[in-house]
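Down below is the structure, laid out as structure tokens.
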Amino acid sequence: MTAYDPAGLHLEENGDDGPLVLCLHGIGSSSAAFAPQTEALAAGHRVVAWDAPGYAKSADPDHDLTLDDYADTAAEVIRARGTDAHVVGVSWGGVIALRLATRHPDLVASLTVADSTPGSGTSPEKAAAMRARVPELESLGPRAFAEQRGPRLLSEDAPPELVRRVVDTMADSVRPPGYRSAAESMARTDLRGELDRVTAPTLVLCGEKDRITGPEASQVLAGGLHKTAYVIVKDAGHLANQEQPEHFNAWLLSHLHIVTNTRTTTKG
């Protein structure tokens with residue numbers, strides 16, 4: 001049993017055949033964030049993108065969830081499909097993915113961690129800033145909160161239609177119970193001491209113009225992992241997968257191809 005009933009999750013599923021890819025969104029988003037990746041992957045993969053507990057169409061948790069709880073819930077999504085998965089995590093989703101890889105290594109074929117961090121528990125200041133977002137959301141409401149935060153998730157050169165889409169996705173996805181739980185899970189987390197336990201081959205990507213976590217945090221992840229490649233996505237902000245999907249998808253598909261071929265050769 002998990003702390004959150006997986007039956008409450010809303011999952012977007014695409015593709016009928018091929019390796020399973022599980023997509024975990026950031027703290028201000030939903031499964032909608034992965035539309036560019038779903039389109040690129042669905043022809044040769046089974047793609048599952050969740051609305052995290054308490055986000056968008058998923059049921060609210062009845063208590064705060066820890067990072068372990070999110071990882072265990074993601075593990076149940078994979079386990080229910082009778083296979084392992086290539087896990088793609090953006091920002092907070094990347095933090096969940098890394099914990100998933102240490103708690104359930106048999107379920108993780110590979111990781112792609114984009115514009116992420118070791119967590120907000122790496123300093124008291126970062127933890128406090130993360131927790132401070134919750135009363136801000138409660139005071140402003142989802143729409144005003146999204147209008148304030150959403151544009152910073154992209155580079156200053158992002159097209160207005162993409163900015164609007166990101167803001168709308170956030171406004172439609174966040175609400176206090178889910179966001180509070182997610183923020184607390186981040187505020188309590190510092191993954192730096194466990195990165196060397198991740199055995200899955202990992203692609204770490206970061207937008208060149210990420211104004212939220214920045215390339216430095218991604219470098220910490222890449223430097224602490226054993227089997228890793230580190231890529232800067234040119235002309236992209238924090239949501240590199242949405243702002244530069246062609247470049248992002250090319251690296252992701254290459255990573256999946258290499259890992260799949262290596263596994264096939266090893267088994268042969």
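Convention: chains lettered A, B, ... in structure tokens order; per-chain residue numbering from 1; ligands numbered from 1 as shown.
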
Selection near region 80-92 of chain A, 9 Å with only C-alpha atoms, sequence-local residues under 4 positions removed, as a ChimeraX atom specification: /A:19-28,75-76,96-98,101,106-117,119,182,186,213,238-241,252,256

What are the nearest atom pairs, with distances in Å to one decimal, for all residues of region 129-232 of chain A that come at most 9 Å from region 50-53 of chain A, using only C-alpha atoms, set out by chain and rising residue number as JSON lines?
```
{"residue": "A:Ser173", "atom": "CA", "partner": "A:Asp51", "partner_atom": "CA", "distance": 8.2}
{"residue": "A:Gly178", "atom": "CA", "partner": "A:Pro53", "partner_atom": "CA", "distance": 6.2}
{"residue": "A:Ser181", "atom": "CA", "partner": "A:Pro53", "partner_atom": "CA", "distance": 8.9}
{"residue": "A:Ala182", "atom": "CA", "partner": "A:Pro53", "partner_atom": "CA", "distance": 8.8}
```

Using the selection just defined, write its residues with N, CA and C atoms as a compact mmCIF listing (two decimals), in the first residue's frame.
```
# COMPACT_ATOMS: atom_id res chain seq x y z
N SER A 173 -3.85 23.74 -13.00
CA SER A 173 -3.25 22.56 -12.38
C SER A 173 -3.06 22.67 -10.88
N GLY A 178 -2.48 20.03 -3.05
CA GLY A 178 -1.41 19.39 -3.79
C GLY A 178 -0.13 20.18 -3.78
N SER A 181 1.72 20.05 -0.36
CA SER A 181 2.41 18.78 -0.17
C SER A 181 3.67 18.72 -1.00
N ALA A 182 3.59 19.16 -2.25
CA ALA A 182 4.75 19.15 -3.14
C ALA A 182 5.85 20.07 -2.61
```

For Ala43 (chain A), which residue among A:Leu225, A:Leu253, A:Val166, A:Gly121 is the nearest when counting only C-alpha atoms? A:Leu253

Residue nearest Val174 (chain A) among A:Ala200, A:Val95, A:Val134, A:Leu100 (counting only C-alpha atoms):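 With only C-alpha atoms as the atom set, the closest residue is A:Val134.
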
If you run DSSP on the backbone here, which positions in region 8-191 of chain A get strand (DSSP E)? Please write them as number ranges by chain. A: 10-14, 20-24, 46-51, 85-90, 108-114

Would you put the residues from that selection into a file with C-alpha atoms, as a PDB file, in the first residue's frame?
```pdb
ATOM      1  CA  HIS A  10      -5.199  10.992 -13.677  1.00  0.00           C
ATOM      2  CA  LEU A  11      -2.874   9.569 -16.319  1.00  0.00           C
ATOM      3  CA  GLU A  12      -2.511  10.600 -19.943  1.00  0.00           C
ATOM      4  CA  GLU A  13      -1.512   7.527 -21.954  1.00  0.00           C
ATOM      5  CA  ASN A  14      -0.379   7.434 -25.576  1.00  0.00           C
ATOM      6  CA  LEU A  20       7.352   2.430 -21.327  1.00  0.00           C
ATOM      7  CA  VAL A  21       8.144   6.107 -20.698  1.00  0.00           C
ATOM      8  CA  LEU A  22       6.796   7.740 -17.521  1.00  0.00           C
ATOM      9  CA  CYS A  23       6.732  11.552 -17.451  1.00  0.00           C
ATOM     10  CA  LEU A  24       6.698  13.484 -14.156  1.00  0.00           C
ATOM     11  CA  ARG A  46       4.102   3.709 -24.524  1.00  0.00           C
ATOM     12  CA  VAL A  47       4.002   7.145 -22.904  1.00  0.00           C
ATOM     13  CA  VAL A  48       2.338   7.781 -19.546  1.00  0.00           C
ATOM     14  CA  ALA A  49       2.264  11.307 -18.076  1.00  0.00           C
ATOM     15  CA  TRP A  50       0.706  11.835 -14.673  1.00  0.00           C
ATOM     16  CA  ASP A  51      -1.092  14.653 -12.991  1.00  0.00           C
ATOM     17  CA  ALA A  85      10.177   2.421 -17.403  1.00  0.00           C
ATOM     18  CA  HIS A  86      12.326   5.161 -18.807  1.00  0.00           C
ATOM     19  CA  VAL A  87      11.458   8.007 -16.434  1.00  0.00           C
ATOM     20  CA  VAL A  88      11.459  11.632 -17.585  1.00  0.00           C
ATOM     21  CA  GLY A  89      11.252  14.240 -14.834  1.00  0.00           C
ATOM     22  CA  VAL A  90      11.184  18.022 -15.123  1.00  0.00           C
ATOM     23  CA  VAL A 108      13.826   2.297 -13.701  1.00  0.00           C
ATOM     24  CA  ALA A 109      15.458   1.510 -17.039  1.00  0.00           C
ATOM     25  CA  SER A 110      16.834   5.028 -17.445  1.00  0.00           C
ATOM     26  CA  LEU A 111      16.357   8.587 -16.244  1.00  0.00           C
ATOM     27  CA  THR A 112      16.065  11.898 -18.029  1.00  0.00           C
ATOM     28  CA  VAL A 113      16.242  14.746 -15.512  1.00  0.00           C
ATOM     29  CA  ALA A 114      15.581  18.221 -16.863  1.00  0.00           C
TER      30      ALA A 114
END
```

Could you name the residues that touch Ala146 (chain A) at 8 Å or less, counting only C-alpha atoms, but leaving out those on the same chain fewer than 3 positions away, as a compact mmCIF listing (two decimals) with N, CA, C and O atoms, in the first residue's frame?
```txt
# COMPACT_ATOMS: atom_id res chain seq x y z
N PRO A 142 -5.07 30.47 -7.77
CA PRO A 142 -4.28 29.84 -8.84
C PRO A 142 -4.02 30.73 -10.04
O PRO A 142 -2.90 30.73 -10.57
N ARG A 143 -5.00 31.49 -10.50
CA ARG A 143 -4.80 32.28 -11.71
C ARG A 143 -3.79 33.39 -11.50
O ARG A 143 -2.83 33.54 -12.28
N ARG A 149 4.08 33.82 -11.56
CA ARG A 149 5.22 32.91 -11.60
C ARG A 149 5.49 32.33 -12.99
O ARG A 149 6.64 32.07 -13.35
N GLY A 150 4.45 32.10 -13.75
CA GLY A 150 4.58 31.39 -15.01
C GLY A 150 5.60 31.97 -16.00
O GLY A 150 6.42 31.22 -16.55
N VAL A 167 1.21 29.64 -18.45
CA VAL A 167 0.41 30.27 -17.39
C VAL A 167 -0.93 29.56 -17.25
O VAL A 167 -1.39 29.26 -16.14
N ASP A 168 -1.58 29.28 -18.37
CA ASP A 168 -2.88 28.61 -18.32
C ASP A 168 -2.77 27.21 -17.72
O ASP A 168 -3.63 26.78 -16.95
N MET A 170 -0.53 26.16 -15.55
CA MET A 170 -0.33 26.30 -14.11
C MET A 170 -1.64 26.66 -13.42
O MET A 170 -2.00 26.06 -12.39
N ALA A 171 -2.37 27.61 -13.97
CA ALA A 171 -3.62 28.05 -13.35
C ALA A 171 -4.63 26.91 -13.27
O ALA A 171 -5.41 26.82 -12.31
```

Which neighbours of Ser139 (chain A) fall inside 12 Å, counting only C-alpha atoms, when residues of the same chain fewer than 6 positions from it are skipped, and could you give them as a PyMOL selection string? chain A and resi 132-133+145+175-176

Minimum-distance residue to Arg211 (chain A), chosen among A:Asp62, A:Asp235, A:Asp16, A:Glu39 (using only C-alpha atoms):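 The closest residue to Arg211 (chain A) is A:Asp235.
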
Give me, as a list in words, all polymer residues having an atom no more than 12 Å from Gly224 (chain A), counting only C-alpha atoms and skipping those fewer than 6 positions away in the same chain.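 That gives Leu98, Thr117, Pro118, Leu191, Arg192, Gly193, Glu194, Leu195, Asp196, Arg197, Val198, Thr199, Thr202, Val204, Ala217, Ser218 and Tyr230 of chain A.
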
For the selection you just gave me, I'd like the residues written to a file as a tab-separated table (two decimals), in the first residue's frame, keeping all heavy atoms.
```tsv
chain	number	residue	atom	x	y	z
A	98	LEU	N	14.63	10.83	-9.36
A	98	LEU	CA	15.89	10.39	-8.76
A	98	LEU	C	15.64	9.55	-7.50
A	98	LEU	O	16.29	8.53	-7.28
A	98	LEU	CB	16.77	11.59	-8.44
A	98	LEU	CG	17.39	12.26	-9.67
A	98	LEU	CD1	17.86	13.68	-9.32
A	98	LEU	CD2	18.55	11.44	-10.21
A	117	THR	N	17.01	19.84	-9.54
A	117	THR	CA	17.90	20.18	-8.44
A	117	THR	C	18.04	18.97	-7.51
A	117	THR	O	17.29	18.00	-7.65
A	117	THR	CB	17.35	21.35	-7.59
A	117	THR	OG1	16.31	20.87	-6.74
A	117	THR	CG2	16.81	22.47	-8.46
A	118	PRO	N	18.92	19.04	-6.53
A	118	PRO	CA	18.95	18.00	-5.49
A	118	PRO	C	17.83	18.17	-4.47
A	118	PRO	O	17.74	17.41	-3.52
A	118	PRO	CB	20.32	18.20	-4.83
A	118	PRO	CG	21.10	19.09	-5.74
A	118	PRO	CD	20.09	19.94	-6.42
A	191	LEU	N	19.17	15.64	-2.05
A	191	LEU	CA	19.57	14.37	-2.66
A	191	LEU	C	21.08	14.20	-2.82
A	191	LEU	O	21.53	13.14	-3.27
A	191	LEU	CB	18.94	14.26	-4.07
A	191	LEU	CG	17.42	14.20	-4.18
A	191	LEU	CD1	17.02	14.12	-5.65
A	191	LEU	CD2	16.85	13.03	-3.41
A	192	ARG	N	21.85	15.19	-2.45
A	192	ARG	CA	23.27	15.14	-2.78
A	192	ARG	C	23.98	13.90	-2.23
A	192	ARG	O	24.89	13.37	-2.87
A	192	ARG	CB	23.97	16.41	-2.28
A	192	ARG	CG	23.58	17.66	-3.06
A	192	ARG	CD	24.21	18.91	-2.47
A	192	ARG	NE	23.71	19.17	-1.11
A	192	ARG	CZ	24.09	20.20	-0.36
A	192	ARG	NH1	24.98	21.07	-0.85
A	192	ARG	NH2	23.58	20.37	0.86
A	193	GLY	N	23.54	13.42	-1.06
A	193	GLY	CA	24.19	12.27	-0.46
A	193	GLY	C	23.80	10.93	-1.04
A	193	GLY	O	24.39	9.91	-0.67
A	194	GLU	N	22.81	10.91	-1.93
A	194	GLU	CA	22.35	9.63	-2.47
A	194	GLU	C	22.52	9.50	-3.99
A	194	GLU	O	22.18	8.47	-4.56
A	194	GLU	CB	20.89	9.38	-2.10
A	194	GLU	CG	19.90	10.36	-2.70
A	194	GLU	CD	18.49	10.19	-2.13
A	194	GLU	OE1	18.28	10.64	-0.98
A	194	GLU	OE2	17.65	9.61	-2.82
A	195	LEU	N	23.04	10.53	-4.63
A	195	LEU	CA	23.17	10.48	-6.09
A	195	LEU	C	24.04	9.32	-6.55
A	195	LEU	O	23.80	8.72	-7.60
A	195	LEU	CB	23.73	11.80	-6.62
A	195	LEU	CG	22.83	13.03	-6.45
A	195	LEU	CD1	23.58	14.29	-6.88
A	195	LEU	CD2	21.54	12.88	-7.25
A	196	ASP	N	25.06	8.98	-5.75
A	196	ASP	CA	25.95	7.90	-6.15
A	196	ASP	C	25.29	6.52	-6.05
A	196	ASP	O	25.85	5.52	-6.49
A	196	ASP	CB	27.24	7.92	-5.33
A	196	ASP	CG	27.02	7.71	-3.84
A	196	ASP	OD1	25.84	7.71	-3.39
A	196	ASP	OD2	28.01	7.55	-3.12
A	197	ARG	N	24.07	6.47	-5.51
A	197	ARG	CA	23.34	5.21	-5.44
A	197	ARG	C	22.44	4.98	-6.66
A	197	ARG	O	21.85	3.91	-6.80
A	197	ARG	CB	22.48	5.17	-4.18
A	197	ARG	CG	23.31	5.07	-2.89
A	197	ARG	CD	22.46	5.36	-1.66
A	197	ARG	NE	21.13	4.74	-1.74
A	197	ARG	CZ	20.06	5.21	-1.11
A	197	ARG	NH1	20.15	6.32	-0.40
A	197	ARG	NH2	18.90	4.59	-1.22
A	198	VAL	N	22.33	5.98	-7.51
A	198	VAL	CA	21.51	5.84	-8.72
A	198	VAL	C	22.28	4.99	-9.72
A	198	VAL	O	23.39	5.35	-10.14
A	198	VAL	CB	21.17	7.22	-9.33
A	198	VAL	CG1	20.43	7.04	-10.65
A	198	VAL	CG2	20.34	8.04	-8.35
A	199	THR	N	21.71	3.87	-10.10
A	199	THR	CA	22.37	2.96	-11.04
A	199	THR	C	21.88	3.12	-12.48
A	199	THR	O	22.55	2.66	-13.41
A	199	THR	CB	22.17	1.51	-10.61
A	199	THR	OG1	20.76	1.23	-10.52
A	199	THR	CG2	22.82	1.25	-9.26
A	202	THR	N	21.61	8.06	-16.89
A	202	THR	CA	20.85	9.29	-16.71
A	202	THR	C	21.31	10.37	-17.68
A	202	THR	O	22.50	10.64	-17.81
A	202	THR	CB	20.99	9.81	-15.27
A	202	THR	OG1	20.59	8.79	-14.35
A	202	THR	CG2	20.12	11.04	-15.05
A	204	VAL	N	21.02	14.31	-18.08
A	204	VAL	CA	20.71	15.54	-17.36
A	204	VAL	C	20.71	16.69	-18.37
A	204	VAL	O	21.71	16.93	-19.05
A	204	VAL	CB	21.74	15.83	-16.25
A	204	VAL	CG1	21.42	17.15	-15.55
A	204	VAL	CG2	21.74	14.68	-15.23
A	217	ALA	N	22.64	23.95	-10.61
A	217	ALA	CA	21.99	22.85	-9.90
A	217	ALA	C	22.04	21.56	-10.72
A	217	ALA	O	22.23	20.47	-10.17
A	217	ALA	CB	20.53	23.21	-9.58
A	218	SER	N	21.86	21.68	-12.02
A	218	SER	CA	21.95	20.50	-12.88
A	218	SER	C	23.37	19.95	-12.92
A	218	SER	O	23.57	18.73	-13.00
A	218	SER	CB	21.49	20.85	-14.31
A	218	SER	OG	20.09	21.04	-14.36
A	230	TYR	N	25.49	15.17	-19.68
A	230	TYR	CA	24.98	16.48	-19.29
A	230	TYR	C	24.90	17.36	-20.52
A	230	TYR	O	25.89	17.50	-21.25
A	230	TYR	CB	25.90	17.10	-18.23
A	230	TYR	CG	25.52	18.51	-17.83
A	230	TYR	CD1	24.26	18.80	-17.33
A	230	TYR	CD2	26.44	19.55	-17.94
A	230	TYR	CE1	23.92	20.08	-16.95
A	230	TYR	CE2	26.11	20.84	-17.56
A	230	TYR	CZ	24.84	21.11	-17.06
A	230	TYR	OH	24.51	22.38	-16.68
```

Report, in Å with one decimal, the straight-line distance from CA of Glu243 (chain A) to CA of Gly214 (chain A). 15.2 Å

Residue among A:Lys234, A:Pro177, A:Leu154, A:Pro159 lying closest to Ile212 (chain A), counting only C-alpha atoms: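 Counting only C-alpha atoms, the residue closest to Ile212 (chain A) is A:Leu154.
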
What lies within 9 Å of Gly8 (chain A) using only C-alpha atoms, ignoring chain neighbours under 4 positions off, as a PyMOL selection string? chain A and resi 4+53+57-61

Take the residues from that selection and put them in a file with N, CA and C atoms, as a CSV table (one decimal), in the first residue's frame.
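Listed below is the output, selection-v9.csv:
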```csv
chain,number,residue,atom,x,y,z
A,4,TYR,N,-0.6,7.3,-0.9
A,4,TYR,CA,-1.6,7.9,-1.8
A,4,TYR,C,-2.2,6.8,-2.7
A,53,PRO,N,-0.3,13.7,-7.5
A,53,PRO,CA,-1.4,13.8,-6.5
A,53,PRO,C,-1.7,15.3,-6.2
A,57,LYS,N,-6.3,17.0,-12.7
A,57,LYS,CA,-7.4,16.0,-12.6
A,57,LYS,C,-7.2,14.9,-11.6
A,58,SER,N,-6.1,14.9,-10.9
A,58,SER,CA,-5.9,13.9,-9.8
A,58,SER,C,-6.4,14.3,-8.5
A,59,ALA,N,-6.9,13.3,-7.7
A,59,ALA,CA,-7.5,13.6,-6.4
A,59,ALA,C,-6.5,14.2,-5.5
A,60,ASP,N,-7.0,15.1,-4.6
A,60,ASP,CA,-6.1,15.7,-3.5
A,60,ASP,C,-5.6,14.6,-2.5
A,61,PRO,N,-4.4,14.7,-2.1
A,61,PRO,CA,-4.0,13.9,-0.9
A,61,PRO,C,-4.7,14.3,0.3
```

Which value, in Å to one decimal, gives the distance between CA of Glu125 (chain A) and CA of Asp72 (chain A)?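 Computed distance, CA of Glu125 (chain A) to CA of Asp72 (chain A), equals 27.9 Å.
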
Selected residue of minimal separation from Gly223 (chain A) among A:Leu203, A:Asp69, A:Thr262, A:Ser185, counting only C-alpha atoms: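 For Gly223 (chain A), the nearest of the candidates is A:Leu203.
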
Per DSSP on the backbone, what are the alpha helix (DSSP H) residues of region 207-243 of chain A, as number ranges by chain? A: 214-224, 240-243

With distances taken over only C-alpha atoms, which of A:Thr2, A:Ser155, A:Thr38, A:Ser30 is nearest to Gly15 (chain A)?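 Among A:Thr2, A:Ser155, A:Thr38, A:Ser30, it is A:Thr38 that comes nearest to Gly15 (chain A).
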